[in-house]
file structure_14.txt (compact mmCIF, C-alpha atoms and all ligand atoms)
# COMPACT_ATOMS: atom_id res chain seq x y z
CA MET P 1 -71.46 18.72 74.21
CA SER P 2 -74.54 18.47 72.04
CA THR P 3 -77.96 18.87 73.61
CA ALA P 4 -79.84 17.25 70.68
CA ARG P 5 -81.74 14.19 71.89
CA PRO P 6 -80.10 10.94 70.74
CA PRO P 7 -82.13 8.25 68.94
CA ASP P 8 -83.83 5.71 71.23
CA GLY P 9 -81.56 2.98 72.54
CA VAL P 10 -78.42 5.10 72.66
CA GLU P 11 -76.69 4.62 76.03
CA ARG P 12 -74.95 7.34 78.02
CA ASP P 13 -71.56 7.12 79.75
CA ALA P 14 -70.69 3.61 78.57
CA PRO P 15 -67.35 2.18 79.79
CA LEU P 16 -65.20 1.14 76.82
CA ALA P 17 -62.11 -0.51 78.38
CA ARG P 18 -63.78 -3.94 78.39
CA LEU P 19 -64.42 -3.63 74.66
CA THR P 20 -60.71 -3.40 73.91
CA THR P 21 -58.01 -6.05 74.16
CA ILE P 22 -55.62 -3.79 76.13
CA ARG P 23 -58.43 -3.04 78.63
CA THR P 24 -57.61 0.58 79.44
CA GLY P 25 -59.39 3.92 79.10
CA GLY P 26 -62.64 5.64 80.03
CA SER P 27 -66.24 5.87 78.85
CA ALA P 28 -68.01 7.08 75.75
CA ASP P 29 -70.51 9.91 76.21
CA TYR P 30 -72.84 8.01 73.83
CA PHE P 31 -72.81 4.35 72.85
CA ALA P 32 -74.93 2.22 70.51
CA ARG P 33 -75.01 -1.35 69.21
CA PRO P 34 -76.74 -1.10 65.81
CA ARG P 35 -78.04 -4.35 64.32
CA SER P 36 -78.68 -3.13 60.77
CA ALA P 37 -77.04 -0.83 58.22
CA GLY P 38 -80.14 1.40 58.30
CA ARG P 39 -79.72 1.93 62.01
CA VAL P 40 -76.03 2.79 61.50
CA VAL P 41 -77.05 5.45 58.97
CA GLU P 42 -79.58 6.88 61.43
CA LEU P 43 -76.95 7.05 64.20
CA LEU P 44 -74.34 8.65 61.92
CA ALA P 45 -76.85 11.26 60.70
CA TRP P 46 -77.76 12.13 64.29
CA ALA P 47 -74.11 12.36 65.42
CA GLN P 48 -73.20 14.53 62.45
CA SER P 49 -76.14 16.87 63.01
CA ALA P 50 -75.16 17.13 66.68
CA SER P 51 -71.48 17.76 65.71
CA LEU P 52 -70.37 14.73 67.70
CA PRO P 53 -67.39 12.66 66.51
CA VAL P 54 -68.05 8.98 65.84
CA GLY P 55 -65.76 6.12 66.82
CA VAL P 56 -66.28 2.53 65.69
CA ILE P 57 -65.18 -0.29 67.95
CA GLY P 58 -64.63 -3.61 66.24
CA SER P 59 -62.94 -6.10 68.52
CA GLY P 60 -60.92 -3.23 69.97
CA SER P 61 -57.77 -5.15 69.06
CA ASN P 62 -55.93 -2.15 67.69
CA LEU P 63 -57.53 0.52 69.77
CA LEU P 64 -56.53 2.71 72.69
CA ILE P 65 -59.25 4.63 74.54
CA ALA P 66 -58.24 7.85 76.31
CA ASP P 67 -58.43 7.77 80.11
CA THR P 68 -60.75 10.77 79.89
CA GLY P 69 -63.01 8.78 77.57
CA PHE P 70 -64.53 9.67 74.22
CA LYS P 71 -66.69 12.77 73.91
CA GLY P 72 -68.70 11.40 71.04
CA LEU P 73 -70.74 8.43 69.84
CA ALA P 74 -69.07 5.01 69.99
CA ILE P 75 -70.62 2.36 67.76
CA LYS P 76 -70.25 -1.41 68.07
CA LEU P 77 -71.88 -3.54 65.36
CA ASP P 78 -74.25 -6.25 66.59
CA GLY P 79 -76.92 -8.74 65.43
CA HIS P 80 -77.07 -9.24 61.63
CA LEU P 81 -73.98 -7.11 61.27
CA THR P 82 -71.88 -9.85 62.91
CA GLU P 83 -73.25 -12.78 60.88
CA LEU P 84 -71.78 -14.94 58.08
CA HIS P 85 -73.58 -16.41 55.05
CA PHE P 86 -72.03 -18.73 52.47
CA ASP P 87 -73.43 -19.03 48.96
CA GLY P 88 -71.22 -21.42 47.01
CA SER P 89 -67.73 -19.98 47.22
CA THR P 90 -69.04 -16.51 48.05
CA LEU P 91 -68.98 -15.34 51.66
CA LEU P 92 -71.14 -12.42 52.75
CA CYS P 93 -70.50 -11.23 56.27
CA GLY P 94 -71.27 -8.38 58.63
CA GLY P 95 -68.60 -5.80 59.38
CA GLY P 96 -68.73 -6.97 63.00
CA ALA P 97 -67.94 -10.63 62.20
CA ARG P 98 -64.73 -11.74 63.90
CA LEU P 99 -61.90 -12.76 61.56
CA PRO P 100 -60.76 -15.91 63.43
CA ARG P 101 -64.35 -17.17 63.19
CA VAL P 102 -64.55 -16.19 59.51
CA ALA P 103 -61.29 -18.09 58.85
CA ALA P 104 -62.45 -21.18 60.78
CA ARG P 105 -65.93 -21.26 59.18
CA SER P 106 -64.43 -20.84 55.70
CA ALA P 107 -62.01 -23.72 56.34
CA GLU P 108 -64.93 -25.81 57.61
CA ALA P 109 -66.76 -25.06 54.32
CA GLY P 110 -63.65 -26.03 52.29
CA LEU P 111 -63.01 -22.47 51.10
CA ALA P 112 -59.56 -20.89 50.92
CA GLY P 113 -58.41 -17.28 50.83
CA LEU P 114 -59.04 -15.94 54.33
CA GLU P 115 -56.76 -18.25 56.33
CA PHE P 116 -54.55 -15.34 57.40
CA GLY P 117 -57.47 -14.05 59.50
CA VAL P 118 -57.03 -16.88 62.01
CA ASN P 119 -54.39 -14.90 63.90
CA ILE P 120 -55.96 -11.46 63.64
CA PRO P 121 -58.31 -10.95 66.60
CA GLY P 122 -60.26 -8.18 64.86
CA THR P 123 -63.49 -7.85 62.90
CA VAL P 124 -64.03 -7.74 59.15
CA GLY P 125 -64.82 -4.00 59.34
CA GLY P 126 -61.74 -3.28 61.46
CA ALA P 127 -59.60 -5.34 59.09
CA ILE P 128 -60.84 -3.37 56.08
CA ARG P 129 -60.29 -0.06 57.86
CA MET P 130 -56.76 -1.13 58.90
CA ASN P 131 -55.98 -3.21 55.79
CA ALA P 132 -54.95 -6.00 58.16
CA ASN P 133 -52.88 -8.89 56.89
CA ALA P 134 -50.55 -11.60 58.08
CA TYR P 135 -48.21 -14.17 56.54
CA GLY P 136 -48.64 -12.67 53.09
CA GLY P 137 -52.46 -13.06 53.12
CA GLU P 138 -54.15 -10.10 51.47
CA LEU P 139 -57.66 -8.95 52.31
CA ALA P 140 -57.93 -7.05 49.03
CA SER P 141 -57.17 -10.17 46.97
CA VAL P 142 -60.40 -11.89 48.11
CA LEU P 143 -62.61 -8.87 48.85
CA GLU P 144 -65.32 -8.37 46.20
CA TRP P 145 -66.89 -5.34 47.82
CA GLY P 146 -67.37 -3.62 51.15
CA GLU P 147 -70.53 -1.81 52.17
CA VAL P 148 -69.92 1.53 53.86
CA ALA P 149 -72.58 3.39 55.82
CA THR P 150 -72.43 7.19 55.93
CA PRO P 151 -74.92 9.79 57.25
CA ASP P 152 -76.41 9.86 53.72
CA GLY P 153 -76.99 6.13 53.24
CA VAL P 154 -74.99 3.05 52.28
CA GLU P 155 -72.65 2.56 49.33
CA ARG P 156 -70.76 -0.44 47.98
CA ARG P 157 -67.07 0.00 47.30
CA ALA P 158 -64.94 -2.27 45.14
CA PRO P 159 -61.50 -3.05 46.67
CA GLU P 160 -59.67 -0.40 44.60
CA ARG P 161 -62.02 2.26 45.94
CA PHE P 162 -60.72 1.64 49.50
CA GLU P 163 -57.25 2.91 48.44
CA PHE P 164 -55.55 0.23 50.53
CA ALA P 165 -51.96 0.90 51.62
CA TYR P 166 -49.83 -0.51 54.45
CA ARG P 167 -52.22 -0.66 57.46
CA ARG P 168 -54.37 2.00 55.86
CA SER P 169 -57.58 2.54 53.86
CA ASN P 170 -59.66 5.60 53.08
CA VAL P 171 -62.43 4.66 55.55
CA ALA P 172 -62.80 7.93 57.45
CA GLY P 173 -64.91 9.67 60.11
CA TYR P 174 -68.69 9.13 59.86
CA GLN P 175 -68.05 5.99 57.77
CA VAL P 176 -68.74 2.49 59.02
CA VAL P 177 -68.02 -0.75 57.15
CA THR P 178 -71.28 -2.63 57.69
CA ARG P 179 -70.86 -5.64 55.38
CA ALA P 180 -68.36 -7.24 53.03
CA GLN P 181 -68.43 -9.90 50.36
CA PHE P 182 -65.50 -12.21 49.65
CA GLY P 183 -64.85 -14.50 46.67
CA LEU P 184 -63.10 -17.59 48.04
CA ARG P 185 -61.48 -20.58 46.33
CA PRO P 186 -62.90 -24.07 46.78
CA GLY P 187 -60.28 -26.40 48.26
CA ASP P 188 -59.78 -29.37 50.53
CA SER P 189 -61.20 -28.62 53.97
CA GLY P 190 -58.60 -30.83 55.75
CA ALA P 191 -55.70 -29.09 54.01
CA ILE P 192 -57.10 -25.62 54.75
CA LYS P 193 -57.60 -26.54 58.43
CA ALA P 194 -54.03 -27.88 58.59
CA ASN P 195 -52.84 -24.57 57.16
CA LEU P 196 -54.76 -22.71 59.91
CA ALA P 197 -53.20 -24.92 62.57
CA SER P 198 -49.69 -24.30 61.26
CA MET P 199 -50.31 -20.53 61.14
CA ARG P 200 -51.52 -20.64 64.75
CA ASP P 201 -48.38 -22.56 65.80
CA ARG P 202 -46.06 -20.16 64.00
CA ARG P 203 -47.78 -17.22 65.66
CA LYS P 204 -47.60 -18.82 69.10
CA ALA P 205 -43.85 -19.31 68.74
CA ALA P 206 -43.23 -15.72 67.62
CA GLN P 207 -45.60 -13.63 69.74
CA PRO P 208 -46.81 -13.54 73.33
CA SER P 209 -50.25 -15.03 73.91
CA GLY P 210 -52.79 -14.61 76.70
CA ILE P 211 -51.78 -11.02 77.43
CA LYS P 212 -53.74 -7.78 77.26
CA THR P 213 -52.32 -6.06 74.18
CA PHE P 214 -53.31 -4.40 70.90
CA GLY P 215 -50.75 -6.26 68.83
CA SER P 216 -48.18 -4.22 66.93
CA THR P 217 -47.70 -0.78 68.44
CA PHE P 218 -45.66 0.74 65.62
CA LYS P 219 -45.70 0.21 61.87
CA ASN P 220 -42.56 -1.25 60.34
CA PRO P 221 -40.65 1.77 59.02
CA ASP P 222 -40.07 2.33 55.33
CA ASP P 223 -36.74 4.06 55.94
CA PRO P 224 -33.26 3.07 54.71
CA ARG P 225 -31.83 3.77 58.17
CA ALA P 226 -33.83 0.79 59.45
CA GLU P 227 -31.63 -1.45 57.25
CA GLY P 228 -34.53 -3.85 56.80
CA ARG P 229 -35.26 -4.16 60.51
CA THR P 230 -38.85 -4.32 61.78
CA ALA P 231 -40.22 -1.94 64.41
CA GLY P 232 -39.86 -4.78 66.94
CA GLN P 233 -36.19 -5.31 66.07
CA LEU P 234 -35.48 -1.57 66.32
CA LEU P 235 -37.20 -1.38 69.72
CA GLU P 236 -35.19 -4.37 70.89
CA ALA P 237 -31.94 -2.78 69.67
CA ALA P 238 -32.90 0.36 71.59
CA GLY P 239 -33.28 -1.65 74.81
CA CYS P 240 -37.07 -1.57 74.99
CA LYS P 241 -37.78 -5.29 75.39
CA GLY P 242 -39.33 -5.70 78.85
CA LEU P 243 -39.21 -1.92 79.50
CA GLU P 244 -41.95 -0.83 81.96
CA HIS P 245 -43.84 2.40 82.51
CA GLY P 246 -46.47 2.28 85.26
CA GLY P 247 -48.58 -0.81 84.60
CA ALA P 248 -47.52 -1.10 80.94
CA ARG P 249 -44.46 -2.79 79.45
CA PHE P 250 -43.01 -3.79 76.11
CA SER P 251 -43.37 -7.56 75.98
CA PRO P 252 -40.22 -9.48 76.87
CA LYS P 253 -41.15 -11.85 74.00
CA HIS P 254 -41.88 -9.28 71.26
CA ALA P 255 -40.77 -5.68 71.79
CA ASN P 256 -43.42 -4.18 69.47
CA PHE P 257 -46.23 -5.53 71.70
CA VAL P 258 -47.27 -3.37 74.66
CA GLU P 259 -48.94 -5.29 77.45
CA ASN P 260 -51.17 -4.19 80.28
CA ARG P 261 -49.72 -5.98 83.30
CA GLY P 262 -53.01 -5.61 85.19
CA ALA P 263 -53.69 -2.06 86.29
CA ALA P 264 -52.25 0.01 83.43
CA THR P 265 -53.89 3.24 82.38
CA THR P 266 -53.88 4.61 78.86
CA ALA P 267 -51.48 7.31 80.15
CA ASP P 268 -49.05 4.52 81.14
CA VAL P 269 -49.34 3.00 77.66
CA VAL P 270 -48.91 6.36 75.91
CA GLY P 271 -45.89 7.18 78.12
CA LEU P 272 -44.29 3.85 77.24
CA ILE P 273 -44.95 4.32 73.52
CA ALA P 274 -43.36 7.79 73.70
CA GLU P 275 -40.29 6.37 75.44
CA GLY P 276 -39.96 3.61 72.82
CA ARG P 277 -40.18 6.15 70.01
CA ARG P 278 -37.64 8.42 71.73
CA ARG P 279 -35.13 5.60 72.19
CA VAL P 280 -35.41 4.37 68.61
CA GLY P 281 -35.13 7.99 67.42
CA ASP P 282 -31.97 8.54 69.49
CA LEU P 283 -30.44 5.32 68.16
CA THR P 284 -31.34 5.57 64.47
CA GLY P 285 -32.94 8.94 63.72
CA ILE P 286 -36.15 7.14 62.68
CA VAL P 287 -39.45 8.46 64.02
CA LEU P 288 -41.65 5.40 64.41
CA GLU P 289 -45.28 5.79 63.36
CA THR P 290 -47.96 4.23 65.53
CA GLU P 291 -50.21 1.51 64.10
CA VAL P 292 -52.61 1.53 67.07
CA GLN P 293 -55.59 3.88 66.73
CA VAL P 294 -56.76 6.26 69.46
CA LEU P 295 -60.28 7.20 70.51
CA GLY P 296 -60.47 10.40 72.57
CA GLU P 297 -57.79 12.87 73.63
CA VAL P 298 -54.38 11.62 74.76
CA ASP P 299 -51.36 13.71 75.78
CA GLN P 300 -50.20 15.08 72.42
CA SER P 301 -46.79 16.08 73.79
CA LEU P 302 -46.15 12.35 74.30
CA TRP P 303 -48.14 10.95 71.39
CA GLY P 304 -46.37 13.25 68.92
CA ALA P 305 -47.43 14.29 65.50
CA VAL P 306 -48.21 10.82 64.18
C1 LIG P 401 -52.62 -10.36 69.56
C2 LIG P 401 -52.85 -9.49 68.35
C3 LIG P 401 -52.35 -9.88 67.12
C4 LIG P 401 -52.56 -9.08 65.98
N1 LIG P 401 -52.05 -9.49 64.79
C5 LIG P 401 -52.26 -8.75 63.68
C6 LIG P 401 -51.77 -9.18 62.41
O1 LIG P 401 -51.16 -10.21 62.26
N2 LIG P 401 -52.00 -8.39 61.32
C7 LIG P 401 -52.68 -7.21 61.43
O2 LIG P 401 -52.88 -6.55 60.40
N3 LIG P 401 -53.17 -6.78 62.62
C8 LIG P 401 -52.98 -7.52 63.74
N4 LIG P 401 -53.46 -7.08 64.95
C9 LIG P 401 -54.14 -5.78 65.04
C10 LIG P 401 -55.66 -5.84 64.87
O3 LIG P 401 -56.19 -7.11 65.19
C11 LIG P 401 -56.07 -5.45 63.44
O4 LIG P 401 -55.67 -4.13 63.15
C12 LIG P 401 -57.58 -5.56 63.24
O5 LIG P 401 -57.86 -5.36 61.88
C13 LIG P 401 -58.36 -4.53 64.04
O6 LIG P 401 -59.73 -4.89 63.95
P1 LIG P 401 -60.75 -4.53 65.11
O7 LIG P 401 -62.08 -4.98 64.69
O8 LIG P 401 -60.27 -5.04 66.42
O9 LIG P 401 -60.67 -2.95 65.07
P2 LIG P 401 -60.56 -1.97 66.31
O10 LIG P 401 -59.27 -2.19 67.02
O11 LIG P 401 -61.78 -2.03 67.12
O12 LIG P 401 -60.47 -0.58 65.54
C14 LIG P 401 -59.33 -0.25 64.74
C15 LIG P 401 -59.71 0.93 63.84
O13 LIG P 401 -60.68 0.48 62.90
C16 LIG P 401 -61.89 1.24 63.04
N5 LIG P 401 -63.02 0.32 62.80
C17 LIG P 401 -63.29 -0.83 63.46
N6 LIG P 401 -64.38 -1.41 62.93
C18 LIG P 401 -64.80 -0.61 61.93
C19 LIG P 401 -65.90 -0.64 61.01
N7 LIG P 401 -66.79 -1.65 61.00
N8 LIG P 401 -66.03 0.39 60.13
C20 LIG P 401 -65.15 1.42 60.10
N9 LIG P 401 -64.10 1.50 60.95
C21 LIG P 401 -63.93 0.50 61.86
C22 LIG P 401 -61.83 1.79 64.45
O14 LIG P 401 -62.64 2.92 64.60
C23 LIG P 401 -60.35 2.07 64.59
O15 LIG P 401 -60.00 3.27 63.93
C24 LIG P 401 -53.28 -7.88 66.10
C25 LIG P 401 -53.81 -7.50 67.34
C26 LIG P 401 -53.60 -8.29 68.47
C27 LIG P 401 -54.20 -7.90 69.77
call {"tool": "encode", "arguments": {"input": "structure_14.txt", "output": "structure tokens"}}
result
Amino acid sequence: MSTARPPDGVERDAPLARLTTIRTGGSADYFARPRSAGRVVELLAWAQSASLPVGVIGSGSNLLIADTGFKGLAIKLDGHLTELHFDGSTLLCGGGARLPRVAARSAEAGLAGLEFGVNIPGTVGGAIRMNANAYGGELASVLEWGEVATPDGVERRAPERFEFAYRRSNVAGYQVVTRAQFGLRPGDSGAIKANLASMRDRRKAAQPSGIKTFGSTFKNPDDPRAEGRTAGQLLEAAGCKGLEHGGARFSPKHANFVENRGAATTADVVGLIAEGRRRVGDLTGIVLETEVQVLGEVDQSLWGAV
């Protein structure tokens, strides 16, 4: 561990489980809630000079924290970096702004384009990093630019410079999406709100709600042996629906959702994921790739090479 003194305001040994939707895992050695891009740059420069890894926590809705914690600096955006500002049909928001709020506020303002965010319980920064989408909505189609902080300063990237692919972008270590600007389409506020409501209803019918989960565990495979089936359908075919491991189980409603039944550890979750992957592999030969991101060290013999 580094002995270099952290910048003022950096906390030590901060529990992270409560900052994730699955609610498992340990503490970060260092933790900060920067309220400006300049402060993010300062933190990244310190962490890099101290050879500490950096982990960003958005809403923690696609994140698994190791039970042994994270031996680095965890950053959660705060203050101005969670705010929204409309200027005509342009929306400027902080990387820490929550997508359901962004979708609702845009609908309120009679602006279309970000409706798909209503069902994605993540932040704008997390959504850019993960290239999140739902119901055919595309972040890249409305994104004008994203601001990325690095140890050397901030830069603006146009959508094509993020190299978006399925649940992927090129946002890497020591890079934090601090702000983003979207170009939305003026529309009828009532119709946009009705669209949000129908998306919420469709989601409620298809996926479990009110559970501790990180959403989709595995990416849908791009493999002919899947014969067009999603990861959830493959897990179901392999008998994983409702399967339990310690305090974790694959949801009886949607097999690709892992839920924490109350007292699960990250080891329980990782063990369950490994079992799901093994069963689908035995059935089809496909090695499922995880969508959920990990902070810290988990058992690599279970997690595999993905
Ligand atoms: C119930 C439920 C439903 C979901 N439905 C969908 C869906 O329909 N479509 C979909 O795509 N996803 C879905 N997800 C997954 C998740 O919400 C998305 O991946 C979301 O984009 C993650 O954002 P986050 O802020 O929570 O990121 P986190 O989970 O906190 O982090 C995810 C990754 O992004 C990085 N990151 C976070 N913020 C930043 C930042 N500002 N700068 C740089 N890196 C950052 C993290 O370090 C980590 O690597 C769902 C999750 C749940 C729990």
call {"tool": "residues_around", "arguments": {"input": "structure_14.txt", "residues": "Arg249 in chain P", "least_positions_apart": "3", "cutoff": "6 Å", "atoms": "all atoms listed in the file", "output": "NGL selection string"}}
result
:P and (242-244 or 258-259)
call {"tool": "closest_residue", "arguments": {"input": "structure_14.txt", "among": "P:Val177, P:Met130, P:Ala28, P:Leu73", "to": "Gln293 in chain P", "atoms": "all atoms listed in the file"}}
result
P:Met130
call {"tool": "closest_residue", "arguments": {"input": "structure_14.txt", "among": "P:Glu108, P:Asp29, P:Glu291, P:Glu83", "to": "ligand LIG 401 (chain P)", "atoms": "only C-alpha atoms and all ligand atoms"}}
result
P:Glu291
call {"tool": "closest_residue", "arguments": {"input": "structure_14.txt", "among": "P:Asn260, P:Thr150, P:Ser251, P:Asn220", "to": "Leu44 in chain P", "atoms": "only C-alpha atoms"}}
result
P:Thr150
call {"tool": "residues_around", "arguments": {"input": "structure_14.txt", "residues": "Arg225 in chain P", "least_positions_apart": "6", "cutoff": "12 Å", "atoms": "all atoms listed in the file", "output": "count of residues only"}}
result
10
call {"tool": "residues_around", "arguments": {"input": "structure_14.txt", "residues": "Leu143 in chain P", "least_positions_apart": "4", "cutoff": "7 Å", "atoms": "only C-alpha atoms", "output": "VMD selection string"}}
result
chain P and resid 139 159 181 to 183
call {"tool": "write_last_selection", "arguments": {"input": "structure_14.txt", "atoms": "C-alpha atoms", "output": "short mmCIF file (atom, residue, chain, number, x, y, z; two decimals), keeping the file's coordinate frame"}}
result
data_model
loop_
_atom_site.label_atom_id
_atom_site.label_comp_id
_atom_site.auth_asym_id
_atom_site.auth_seq_id
_atom_site.Cartn_x
_atom_site.Cartn_y
_atom_site.Cartn_z
CA LEU P 139 -57.66 -8.95 52.31
CA PRO P 159 -61.50 -3.05 46.67
CA GLN P 181 -68.43 -9.90 50.36
CA PHE P 182 -65.50 -12.21 49.65
CA GLY P 183 -64.85 -14.50 46.67
#
call {"tool": "atom_distance", "arguments": {"input": "structure_14.txt", "atom1": "CA of Gly94 in chain P", "atom2": "atom O15 of ligand LIG 401 (chain P)"}}
result
17.1 Å
call {"tool": "residues_around", "arguments": {"input": "structure_14.txt", "residues": "Ala180 in chain P", "least_positions_apart": "5", "cutoff": "8 Å", "atoms": "only C-alpha atoms", "output": "list in words"}}
result
Leu92, Cys93, Gly94, Gly95, Val124, Gly125, Leu143, Glu144, Trp145, Gly146 and Glu147 of chain P
call {"tool": "axis_aligned_box", "arguments": {"input": "structure_14.txt", "around": "range 79-90 of chain P", "padding_each_side": "3 Å", "output": "AutoDock Vina command-line options"}}
result
--center_x -72.4 --center_y -14.3 --center_z 56.2 --size_x 15.3 --size_y 20.3 --size_z 24.4
call {"tool": "closest_residue", "arguments": {"input": "structure_14.txt", "among": "P:Ala274, P:Leu77, P:Ala103, P:Val298", "to": "ligand LIG 401 (chain P)", "atoms": "all atoms listed in the file"}}
result
P:Leu77
call {"tool": "residues_around", "arguments": {"input": "structure_14.txt", "residues": "Gly187 in chain P", "least_positions_apart": "6", "cutoff": "9 Å", "atoms": "only C-alpha atoms", "output": "ChimeraX atom specification"}}
result
/P:107,109-112
call {"tool": "write_last_selection", "arguments": {"input": "structure_14.txt", "atoms": "C-alpha atoms", "output": "mmCIF file, in the frame of the given file"}}
result
data_model
loop_
_atom_site.group_PDB
_atom_site.id
_atom_site.type_symbol
_atom_site.label_atom_id
_atom_site.label_comp_id
_atom_site.auth_asym_id
_atom_site.auth_seq_id
_atom_site.Cartn_x
_atom_site.Cartn_y
_atom_site.Cartn_z
ATOM 1 C CA ALA P 107 -62.010 -23.720 56.340
ATOM 2 C CA ALA P 109 -66.760 -25.060 54.320
ATOM 3 C CA GLY P 110 -63.650 -26.030 52.290
ATOM 4 C CA LEU P 111 -63.010 -22.470 51.100
ATOM 5 C CA ALA P 112 -59.560 -20.890 50.920
#
call {"tool": "closest_residue", "arguments": {"input": "structure_14.txt", "among": "P:Asp67, P:Glu160, P:Glu227, P:Asp78", "to": "Arg98 in chain P", "atoms": "only C-alpha atoms"}}
result
P:Asp78
call {"tool": "closest_residue", "arguments": {"input": "structure_14.txt", "among": "P:Gly271, P:Gly60, P:Gly69, P:Gly276", "to": "Gly232 in chain P", "atoms": "only C-alpha atoms"}}
result
P:Gly276
call {"tool": "atom_distance", "arguments": {"input": "structure_14.txt", "atom1": "CA of Val294 in chain P", "atom2": "CA of Ile65 in chain P"}}
result
5.9 Å
call {"tool": "atom_distance", "arguments": {"input": "structure_14.txt", "atom1": "atom C19 of ligand LIG 401 (chain P)", "atom2": "CA of Ala172 in chain P"}}
result
9.8 Å
